[in-house]
Amino acid sequence: MNLQQRDKLVNWHPYTQMKTAEDAIPIVKGKGAYLFDDKGKQYIDAVSSWWVTLHGHAHPYIAQKVSEQLQTLEQVIFAGFTHQPAIQLSENLLKLLPDNQEKVFYSDNGSTAVEVALKMCIQFAHNQGKKKTKILAFKDAYHGDTFGAMSVSGRSVWTKPFGDMLFDVAFIDTPTSENLRGLQSQISHIADEIACFIYEPLVQGAAGMLTHNPEDLSELMKFCKKQNILLIQDEVFTGFGRTGKLFAADYLTEKPDIMCFSKGLTGGTMPMGITTSSNEIFNAFLSEDKYKTLFHGHSFTANPLACTAALASMELLLNKETQDNIRLITDKHKEFSQILNQHPKVENVRQTGTILAWDIKTEQGTSYFNTIGKFFYKEFLNKGIILRPLGNIMYLVPPYCITTEDLEYIYQTILQVLQMKPN
Ligand SMILES: *Cc1c(COP(=O)(O)O)cnc(C)c1O
């Protein structure tokens with residue numbers, strides 16, 4: 001049996017209708033922006049392998065650092081013990097974040113980083129003898145697939161079977177200069193019950209790369225602060241350069257209380273989640289009373305290998321070369337978005353740094369199940385590009401090491417495929 005046949009017998013793939021899905025493509029090697037399948041075919045990874053890969057696949061510097069760490073200390077319980085990679089990573093990361101972020105809590109992925117953040121906020125109130133159980137979130141938010149993270153995500157096809165079991169969340173529209181007043185009055189009516197507001201800053205990824213203005217979000221954050229609503233800024237996707245700056249936070253005038261990271265945190269090499277908090281949050285858990293402890297942890301909390309990968313990735317991210325590449329991708333995207341803007345089959349072109357997205361006009365309208373996405377996906381695969389449309393929404397999230405030649409090839413192929421008629 002070949003890899004595809006063996007895979008089909010034993011593997012259940014994520015976000016995949018296993019009855020109708022095409023056989024999974026076996027990938028045997030990665031290098032830079034490329035992935036190679038078992039037949040030697042090469043693909044440009046234009047979605048950074050689900051938005052995680054920053055510096056390219058199998059980066060030699062990260063590989064070397066992780067391999068050294070693997071032979072030194074691979075894992076240690078993080079309750080009662082600590083290690084250099086975790087200490088160094090926390091120090092390095094906090095230096096780059098808004099100056100009120102002072103403590104780092106480790107977990108394994110974006111969803112758990114969100115779970116931790118939610119528990120911090122709910123217990124923050126609880127530890128002060130207050131009961132605040134409502135949470136504020138954007139209508140089409142996406143914060144992950146565990147139950148808490150699903151609860152604060154917009155209700156959609158993804159959450160439908162679990163609808164009755166998700167906790168109550170007050171959903172609001174994303175802010176615009178027009179609706180800001182309305183949002184404020186909506187929030188002020190329930191402000192006393194609200195523990196926190198969780199949001200994806202600037203770009204709502206899974207919702208279809210929907211964007212909003214930093215000025216409007218800053219205003220909304222400021223208002224929530226005045227109402228004593230804690231702010232959880234979910235930078236799982238936007239963190240580590242995606243938006244053109246190191247963090248979406250660098251566009252905002254207000255500071256969040258808590259931040260969540262994963263995806264690009266380790267350069268996309270190893271699973272890891274981080275929740276950072278202000279000392280105001282942290283101090284509310286300090287007590288002689290053991291019940292005020294944050295009782296949360298995962299077996300692989302602050303895994304030394306993942307910490308080492310993150311340290312190496314952040315070092316690469318701060319290099320001049322990487323920063324120049326991020327700027328170059330941003331500029332190239334800007335040029336291409338002007339071409340897309342003129343295209344009769346394209347609408348709602350939007351860009352934030354290295355993230356470029358647009359809708360394809362179809363009679364089916366914008367939806368996750370729009371079939372045009374599948375047609376495009378296959379055409380791009382044929383042409384050696386991995387693009388994964390969300391229904392009729394297409395986006396590019398390339399790794400920062402991508403060359404201008406490869407970007408040009410992707411742009412040209414997009415224009416070519418846009419001319420094709422889906423059957
Ligand atoms: C992907 C994502 C998550 C969930 O992260 P996982 O590692 O997939 O659990 C949470 N928040 C945002 C904004 C994301 O894009």
# chains A, B, ... in the order shown; residues from 1 in each chain; ligands from 1
$ residues_around --residues "region 258-267 of chain A" --least-positions-apart "4" --cutoff "7 Å" --atoms "only C-alpha atoms" --output "PyMOL selection string"
chain A and resi 51-55+109-110+113-114+117+231-237+239-240+272-278+306+309-310+313
$ write_last_selection --atoms "N, CA, C and O atoms" --output "CSV table (one decimal), in the first residue's frame"
chain,number,residue,atom,x,y,z
A,51,TRP,N,-1.1,28.9,8.6
A,51,TRP,CA,-0.7,30.2,9.2
A,51,TRP,C,0.3,30.1,10.3
A,51,TRP,O,0.5,31.0,11.2
A,52,VAL,N,1.1,29.1,10.3
A,52,VAL,CA,2.1,28.9,11.4
A,52,VAL,C,3.5,29.2,11.0
A,52,VAL,O,4.3,29.7,11.8
A,53,THR,N,3.9,28.8,9.8
A,53,THR,CA,5.3,28.8,9.4
A,53,THR,C,5.8,30.3,9.1
A,53,THR,O,5.2,30.9,8.3
A,54,LEU,N,6.8,30.7,9.8
A,54,LEU,CA,7.3,32.1,9.6
A,54,LEU,C,8.5,32.1,8.7
A,54,LEU,O,8.6,32.9,7.8
A,55,HIS,N,9.5,31.3,9.0
A,55,HIS,CA,10.8,31.4,8.3
A,55,HIS,C,11.0,30.3,7.3
A,55,HIS,O,12.1,30.2,6.8
A,109,ASN,N,-1.2,25.2,22.7
A,109,ASN,CA,-1.8,25.6,21.4
A,109,ASN,C,-2.6,26.9,21.6
A,109,ASN,O,-2.8,27.4,22.7
A,110,GLY,N,-3.2,27.4,20.5
A,110,GLY,CA,-3.9,28.6,20.5
A,110,GLY,C,-5.2,28.5,21.4
A,110,GLY,O,-5.5,29.4,22.2
A,113,ALA,N,-4.3,28.5,25.0
A,113,ALA,CA,-3.9,29.8,25.4
A,113,ALA,C,-5.2,30.7,25.7
A,113,ALA,O,-5.2,31.5,26.6
A,114,VAL,N,-6.2,30.5,24.9
A,114,VAL,CA,-7.5,31.2,25.1
A,114,VAL,C,-8.2,30.7,26.3
A,114,VAL,O,-8.7,31.5,27.1
A,117,ALA,N,-6.6,32.3,29.3
A,117,ALA,CA,-7.0,33.7,29.4
A,117,ALA,C,-8.4,33.9,30.0
A,117,ALA,O,-8.6,34.7,30.9
A,231,LEU,N,-9.5,43.1,29.1
A,231,LEU,CA,-9.3,42.9,27.6
A,231,LEU,C,-8.4,41.7,27.4
A,231,LEU,O,-7.2,41.7,27.8
A,232,ILE,N,-8.9,40.8,26.6
A,232,ILE,CA,-8.0,39.6,26.1
A,232,ILE,C,-7.8,39.8,24.6
A,232,ILE,O,-8.7,39.7,23.8
A,233,GLN,N,-6.5,40.1,24.3
A,233,GLN,CA,-6.2,40.3,22.9
A,233,GLN,C,-5.6,39.0,22.3
A,233,GLN,O,-4.5,38.6,22.7
A,234,ASP,N,-6.4,38.3,21.5
A,234,ASP,CA,-6.0,37.0,20.9
A,234,ASP,C,-5.1,37.3,19.7
A,234,ASP,O,-5.6,37.5,18.6
A,235,GLU,N,-3.8,37.2,19.9
A,235,GLU,CA,-2.8,37.4,18.8
A,235,GLU,C,-2.3,36.1,18.3
A,235,GLU,O,-1.1,36.0,17.8
A,236,VAL,N,-3.0,35.0,18.5
A,236,VAL,CA,-2.6,33.7,18.0
A,236,VAL,C,-2.2,33.8,16.5
A,236,VAL,O,-1.3,33.2,16.1
A,237,PHE,N,-3.1,34.5,15.8
A,237,PHE,CA,-2.8,34.6,14.3
A,237,PHE,C,-2.0,35.8,14.0
A,237,PHE,O,-1.0,35.8,13.2
A,239,GLY,N,0.1,37.7,15.7
A,239,GLY,CA,1.4,37.9,16.3
A,239,GLY,C,2.6,37.6,15.4
A,239,GLY,O,2.4,36.9,14.4
A,240,PHE,N,3.7,38.0,15.8
A,240,PHE,CA,5.0,37.7,15.2
A,240,PHE,C,5.1,38.1,13.7
A,240,PHE,O,5.5,37.3,12.9
A,272,MET,N,2.9,25.2,20.7
A,272,MET,CA,3.1,25.9,22.0
A,272,MET,C,2.1,27.0,22.1
A,272,MET,O,1.8,27.6,21.0
A,273,GLY,N,1.6,27.3,23.2
A,273,GLY,CA,0.7,28.4,23.5
A,273,GLY,C,1.2,29.2,24.6
A,273,GLY,O,1.9,28.7,25.5
A,274,ILE,N,1.0,30.5,24.5
A,274,ILE,CA,1.4,31.4,25.6
A,274,ILE,C,0.2,32.4,26.0
A,274,ILE,O,-0.4,32.9,25.0
A,275,THR,N,0.0,32.5,27.2
A,275,THR,CA,-0.9,33.6,27.7
A,275,THR,C,-0.1,34.5,28.6
A,275,THR,O,0.5,34.1,29.6
A,276,THR,N,-0.1,35.8,28.2
A,276,THR,CA,0.6,36.7,29.1
A,276,THR,C,-0.4,37.6,29.8
A,276,THR,O,-1.5,37.7,29.4
A,277,SER,N,0.0,38.1,31.0
A,277,SER,CA,-0.9,38.9,31.8
A,277,SER,C,-0.2,40.1,32.4
A,277,SER,O,1.0,40.1,32.6
A,278,SER,N,-1.0,41.0,32.8
A,278,SER,CA,-0.5,42.2,33.6
A,278,SER,C,-0.3,41.7,35.0
A,278,SER,O,-0.8,40.7,35.4
A,306,ALA,N,10.1,23.2,22.7
A,306,ALA,CA,9.2,24.3,22.1
A,306,ALA,C,9.7,25.7,22.4
A,306,ALA,O,9.8,26.6,21.6
A,309,ALA,N,12.7,26.4,20.3
A,309,ALA,CA,12.3,26.7,18.9
A,309,ALA,C,11.8,28.2,18.9
A,309,ALA,O,12.1,28.9,17.9
A,310,ALA,N,11.0,28.5,19.9
A,310,ALA,CA,10.4,29.9,19.9
A,310,ALA,C,11.5,30.9,20.0
A,310,ALA,O,11.5,32.0,19.4
A,313,SER,N,13.2,31.2,16.7
A,313,SER,CA,12.4,31.8,15.7
A,313,SER,C,12.3,33.3,16.0
A,313,SER,O,12.3,34.1,15.0
$ closest_atom_pairs --of "region 195-222 of chain A" --to "region 347-367 of chain A" --cutoff "9 Å" --atoms "only C-alpha atoms" --output "JSON lines"
{"residue": "A:Leu202", "atom": "CA", "partner": "A:Thr352", "partner_atom": "CA", "distance": 7.9}
{"residue": "A:Val203", "atom": "CA", "partner": "A:Thr352", "partner_atom": "CA", "distance": 7.4}
{"residue": "A:Gly208", "atom": "CA", "partner": "A:Ala357", "partner_atom": "CA", "distance": 8.0}
{"residue": "A:Met209", "atom": "CA", "partner": "A:Ala357", "partner_atom": "CA", "distance": 6.3}
{"residue": "A:Leu210", "atom": "CA", "partner": "A:Arg350", "partner_atom": "CA", "distance": 7.9}
{"residue": "A:Thr211", "atom": "CA", "partner": "A:Arg350", "partner_atom": "CA", "distance": 7.2}
$ select_by_dssp --residues "region 83-224 of chain A" --states "helix (DSSP H, G or I)" --output "ChimeraX atom specification"
/A:84-96,110-126,147-151,160-165,180-193,214-224
$ write_last_selection --atoms "C-alpha atoms" --output "compact mmCIF listing (two decimals), in the first residue's frame"
# COMPACT_ATOMS: atom_id res chain seq x y z
CA GLN A 84 16.72 28.37 31.03
CA PRO A 85 14.76 28.23 27.72
CA ALA A 86 11.46 29.14 29.44
CA ILE A 87 13.05 31.94 31.46
CA GLN A 88 14.85 33.36 28.45
CA LEU A 89 11.78 33.11 26.22
CA SER A 90 9.55 34.87 28.76
CA GLU A 91 12.15 37.64 29.17
CA ASN A 92 12.58 38.08 25.41
CA LEU A 93 8.87 38.00 24.61
CA LEU A 94 7.79 40.39 27.37
CA LYS A 95 10.32 42.95 26.11
CA LEU A 96 8.46 43.07 22.78
CA GLY A 110 -3.92 28.61 20.54
CA SER A 111 -7.12 27.16 21.97
CA THR A 112 -5.52 26.40 25.32
CA ALA A 113 -3.91 29.85 25.40
CA VAL A 114 -7.47 31.21 25.07
CA GLU A 115 -8.86 28.83 27.74
CA VAL A 116 -6.20 30.03 30.16
CA ALA A 117 -6.99 33.68 29.39
CA LEU A 118 -10.72 33.15 30.00
CA LYS A 119 -10.09 31.33 33.27
CA MET A 120 -7.75 34.11 34.42
CA CYS A 121 -10.48 36.71 33.84
CA ILE A 122 -13.32 34.77 35.45
CA GLN A 123 -11.21 33.87 38.47
CA PHE A 124 -9.82 37.41 38.69
CA ALA A 125 -13.35 38.50 39.60
CA HIS A 126 -14.02 35.40 41.70
CA PHE A 147 -15.27 24.22 24.52
CA GLY A 148 -14.35 27.53 26.12
CA ALA A 149 -12.72 28.79 22.95
CA MET A 150 -15.72 27.62 20.90
CA SER A 151 -18.08 29.40 23.29
CA LYS A 160 -23.71 23.97 15.69
CA PRO A 161 -23.76 20.44 17.21
CA PHE A 162 -22.57 21.87 20.53
CA GLY A 163 -24.79 24.95 20.61
CA ASP A 164 -26.68 23.98 23.78
CA MET A 165 -23.48 23.34 25.68
CA LEU A 180 -19.06 52.80 17.81
CA ARG A 181 -21.68 54.81 19.76
CA GLY A 182 -24.18 51.98 19.37
CA LEU A 183 -21.69 49.40 20.57
CA GLN A 184 -20.88 51.50 23.60
CA SER A 185 -24.48 51.78 24.67
CA GLN A 186 -25.01 48.05 24.06
CA ILE A 187 -22.03 47.26 26.30
CA SER A 188 -22.83 49.76 29.04
CA HIS A 189 -26.20 48.05 29.69
CA ILE A 190 -24.52 44.80 30.71
CA ALA A 191 -21.08 46.05 31.75
CA ASP A 192 -21.47 45.02 35.42
CA GLU A 193 -21.81 41.36 34.49
CA PRO A 214 -6.89 50.06 14.69
CA GLU A 215 -8.40 53.45 15.61
CA ASP A 216 -11.90 51.99 16.03
CA LEU A 217 -10.64 49.00 17.99
CA SER A 218 -8.57 51.28 20.23
CA GLU A 219 -11.69 53.36 20.96
CA LEU A 220 -13.66 50.23 21.84
CA MET A 221 -10.84 48.98 24.09
CA LYS A 222 -10.70 52.34 25.84
CA PHE A 223 -14.43 52.23 26.49
CA CYS A 224 -14.30 48.67 27.87
$ atom_distance --atom1 "CA of Asp289 (chain A)" --atom2 "CA of Lys131 (chain A)"
18.1 Å
$ residues_around --residues "Phe376 (chain A)" --least-positions-apart "5" --cutoff "10 Å" --atoms "only C-alpha atoms" --output "ChimeraX atom specification"
/A:371,381-382,387-389,391-392,394,414,417-418,420,422
$ write_last_selection --atoms "N, CA, C and O atoms" --output "compact mmCIF listing (two decimals), in the first residue's frame"
# COMPACT_ATOMS: atom_id res chain seq x y z
N THR A 371 -18.83 26.50 -3.28
CA THR A 371 -18.07 25.44 -3.93
C THR A 371 -16.90 25.95 -4.76
O THR A 371 -16.03 25.18 -5.14
N LEU A 381 -3.32 23.64 -6.58
CA LEU A 381 -2.49 22.47 -6.28
C LEU A 381 -1.83 21.95 -7.57
O LEU A 381 -0.64 21.67 -7.60
N ASN A 382 -2.64 21.87 -8.63
CA ASN A 382 -2.10 21.44 -9.92
C ASN A 382 -0.92 22.30 -10.33
O ASN A 382 0.04 21.82 -10.91
N LEU A 387 -2.98 26.99 -1.68
CA LEU A 387 -3.87 28.07 -1.26
C LEU A 387 -5.12 27.38 -0.79
O LEU A 387 -5.56 26.41 -1.39
N ARG A 388 -5.70 27.83 0.30
CA ARG A 388 -6.83 27.11 0.86
C ARG A 388 -7.97 28.09 1.11
O ARG A 388 -8.13 28.60 2.21
N PRO A 389 -8.78 28.37 0.08
CA PRO A 389 -9.84 29.36 0.25
C PRO A 389 -10.84 28.96 1.35
O PRO A 389 -11.05 27.77 1.58
N GLY A 391 -14.35 28.98 1.58
CA GLY A 391 -15.48 29.21 0.68
C GLY A 391 -15.01 30.04 -0.50
O GLY A 391 -14.04 29.67 -1.17
N ASN A 392 -15.67 31.17 -0.73
CA ASN A 392 -15.26 32.02 -1.85
C ASN A 392 -14.29 33.12 -1.43
O ASN A 392 -14.01 34.04 -2.19
N MET A 394 -10.58 34.16 -0.65
CA MET A 394 -9.22 33.69 -0.89
C MET A 394 -8.24 34.56 -0.13
O MET A 394 -8.45 35.74 0.04
N ILE A 414 -2.94 33.29 -9.82
CA ILE A 414 -4.26 33.71 -9.32
C ILE A 414 -5.05 34.36 -10.45
O ILE A 414 -6.22 34.03 -10.68
N VAL A 417 -6.14 31.69 -12.89
CA VAL A 417 -7.22 30.82 -12.41
C VAL A 417 -8.54 31.59 -12.32
O VAL A 417 -9.61 31.03 -12.55
N LEU A 418 -8.44 32.90 -12.03
CA LEU A 418 -9.67 33.71 -11.97
C LEU A 418 -10.39 33.73 -13.32
O LEU A 418 -11.61 33.91 -13.38
N MET A 420 -10.59 31.20 -15.30
CA MET A 420 -11.13 29.88 -15.63
C MET A 420 -12.58 29.77 -15.19
O MET A 420 -13.01 30.42 -14.25
N PRO A 422 -15.33 27.61 -13.41
CA PRO A 422 -15.52 26.42 -12.60
C PRO A 422 -16.61 25.53 -13.20
O PRO A 422 -17.61 26.06 -13.66
$ residues_around --residues "region 3-17 of chain A" --least-positions-apart "3" --cutoff "9 Å" --atoms "only C-alpha atoms" --output "count of residues only"
8
$ select_by_dssp --residues "region 67-256 of chain A" --states "strand (DSSP E or B)" --output "NGL selection string"
:A and (101-107 or 134-138 or 169-172 or 194-199 or 203-204 or 210-211 or 230-234)
$ closest_residue --among "A:Thr308, A:Ser49, A:Ser287, A:Gln412" --to "ligand 1" --atoms "only C-alpha atoms and all ligand atoms"
A:Ser49
$ residues_around --residues "Ala195 (chain A)" --least-positions-apart "2" --cutoff "6 Å" --atoms "only C-alpha atoms" --output "ChimeraX atom specification"
/A:132,134-135,229
$ atom_distance --atom1 "CA of Lys245 (chain A)" --atom2 "CA of Leu415 (chain A)"
28.2 Å
$ closest_residue --among "A:Ala249, A:Gln204, A:Trp50, A:Pro256" --to "Lys225 (chain A)" --atoms "only C-alpha atoms"
A:Pro256
$ residues_around --residues "Ala58 (chain A)" --least-positions-apart "2" --cutoff "8 Å" --atoms "only C-alpha atoms" --output "CSV table (one decimal) with N, CA, C and O atoms, in the first residue's frame"
chain,number,residue,atom,x,y,z
A,30,GLY,N,10.2,19.4,3.6
A,30,GLY,CA,9.9,20.8,3.5
A,30,GLY,C,11.2,21.5,3.5
A,30,GLY,O,12.2,21.1,4.1
A,31,LYS,N,11.3,22.6,2.7
A,31,LYS,CA,12.5,23.4,2.7
A,31,LYS,C,12.1,24.8,2.3
A,31,LYS,O,11.5,25.0,1.2
A,32,GLY,N,12.4,25.8,3.1
A,32,GLY,CA,12.0,27.2,2.9
A,32,GLY,C,10.5,27.3,2.6
A,32,GLY,O,9.7,26.7,3.4
A,56,GLY,N,10.0,29.6,7.0
A,56,GLY,CA,10.2,28.5,6.0
A,56,GLY,C,10.3,27.1,6.8
A,56,GLY,O,10.5,27.1,8.0
A,60,PRO,N,17.2,25.6,9.1
A,60,PRO,CA,18.4,24.9,9.7
A,60,PRO,C,18.8,25.5,11.1
A,60,PRO,O,19.3,24.8,11.9
A,62,ILE,N,16.8,26.9,13.4
A,62,ILE,CA,15.8,26.4,14.4
A,62,ILE,C,16.1,24.9,14.7
A,62,ILE,O,16.2,24.4,15.8
A,63,ALA,N,16.3,24.1,13.6
A,63,ALA,CA,16.6,22.7,13.7
A,63,ALA,C,17.8,22.4,14.6
A,63,ALA,O,17.8,21.5,15.4
A,269,THR,N,7.2,25.6,14.1
A,269,THR,CA,7.9,24.3,14.1
A,269,THR,C,7.4,23.3,15.2
A,269,THR,O,7.4,22.1,15.0
$ residues_around --residues "Glu335 (chain A)" --least-positions-apart "2" --cutoff "12 Å" --atoms "only C-alpha atoms" --output "PDB file with C-alpha atoms, in the first residue's frame"
ATOM      1  CA  LEU A 328       8.800  43.540   0.765  1.00  0.00           C
ATOM      2  CA  ILE A 329       5.846  41.118   0.978  1.00  0.00           C
ATOM      3  CA  THR A 330       3.688  43.966   2.285  1.00  0.00           C
ATOM      4  CA  ASP A 331       4.692  46.209  -0.650  1.00  0.00           C
ATOM      5  CA  LYS A 332       4.211  43.461  -3.243  1.00  0.00           C
ATOM      6  CA  HIS A 333       0.779  42.613  -1.803  1.00  0.00           C
ATOM      7  CA  SER A 337      -4.204  44.368  -4.487  1.00  0.00           C
ATOM      8  CA  GLN A 338      -4.480  47.298  -6.905  1.00  0.00           C
ATOM      9  CA  ILE A 339      -4.687  44.820  -9.770  1.00  0.00           C
ATOM     10  CA  LEU A 340      -7.238  42.729  -7.877  1.00  0.00           C
ATOM     11  CA  ASN A 341      -9.279  45.854  -7.160  1.00  0.00           C
ATOM     12  CA  GLN A 342      -9.775  46.313 -10.910  1.00  0.00           C
ATOM     13  CA  VAL A 349      -9.836  43.319  -1.367  1.00  0.00           C
ATOM     14  CA  GLN A 351      -4.657  43.780   3.281  1.00  0.00           C
ATOM     15  CA  LEU A 356      -3.913  39.667   1.705  1.00  0.00           C
ATOM     16  CA  LEU A 407       5.195  35.780  -5.069  1.00  0.00           C
ATOM     17  CA  GLU A 408       4.992  36.908  -8.690  1.00  0.00           C
ATOM     18  CA  TYR A 411      -0.065  36.453  -8.310  1.00  0.00           C
TER      19      TYR A 411
END
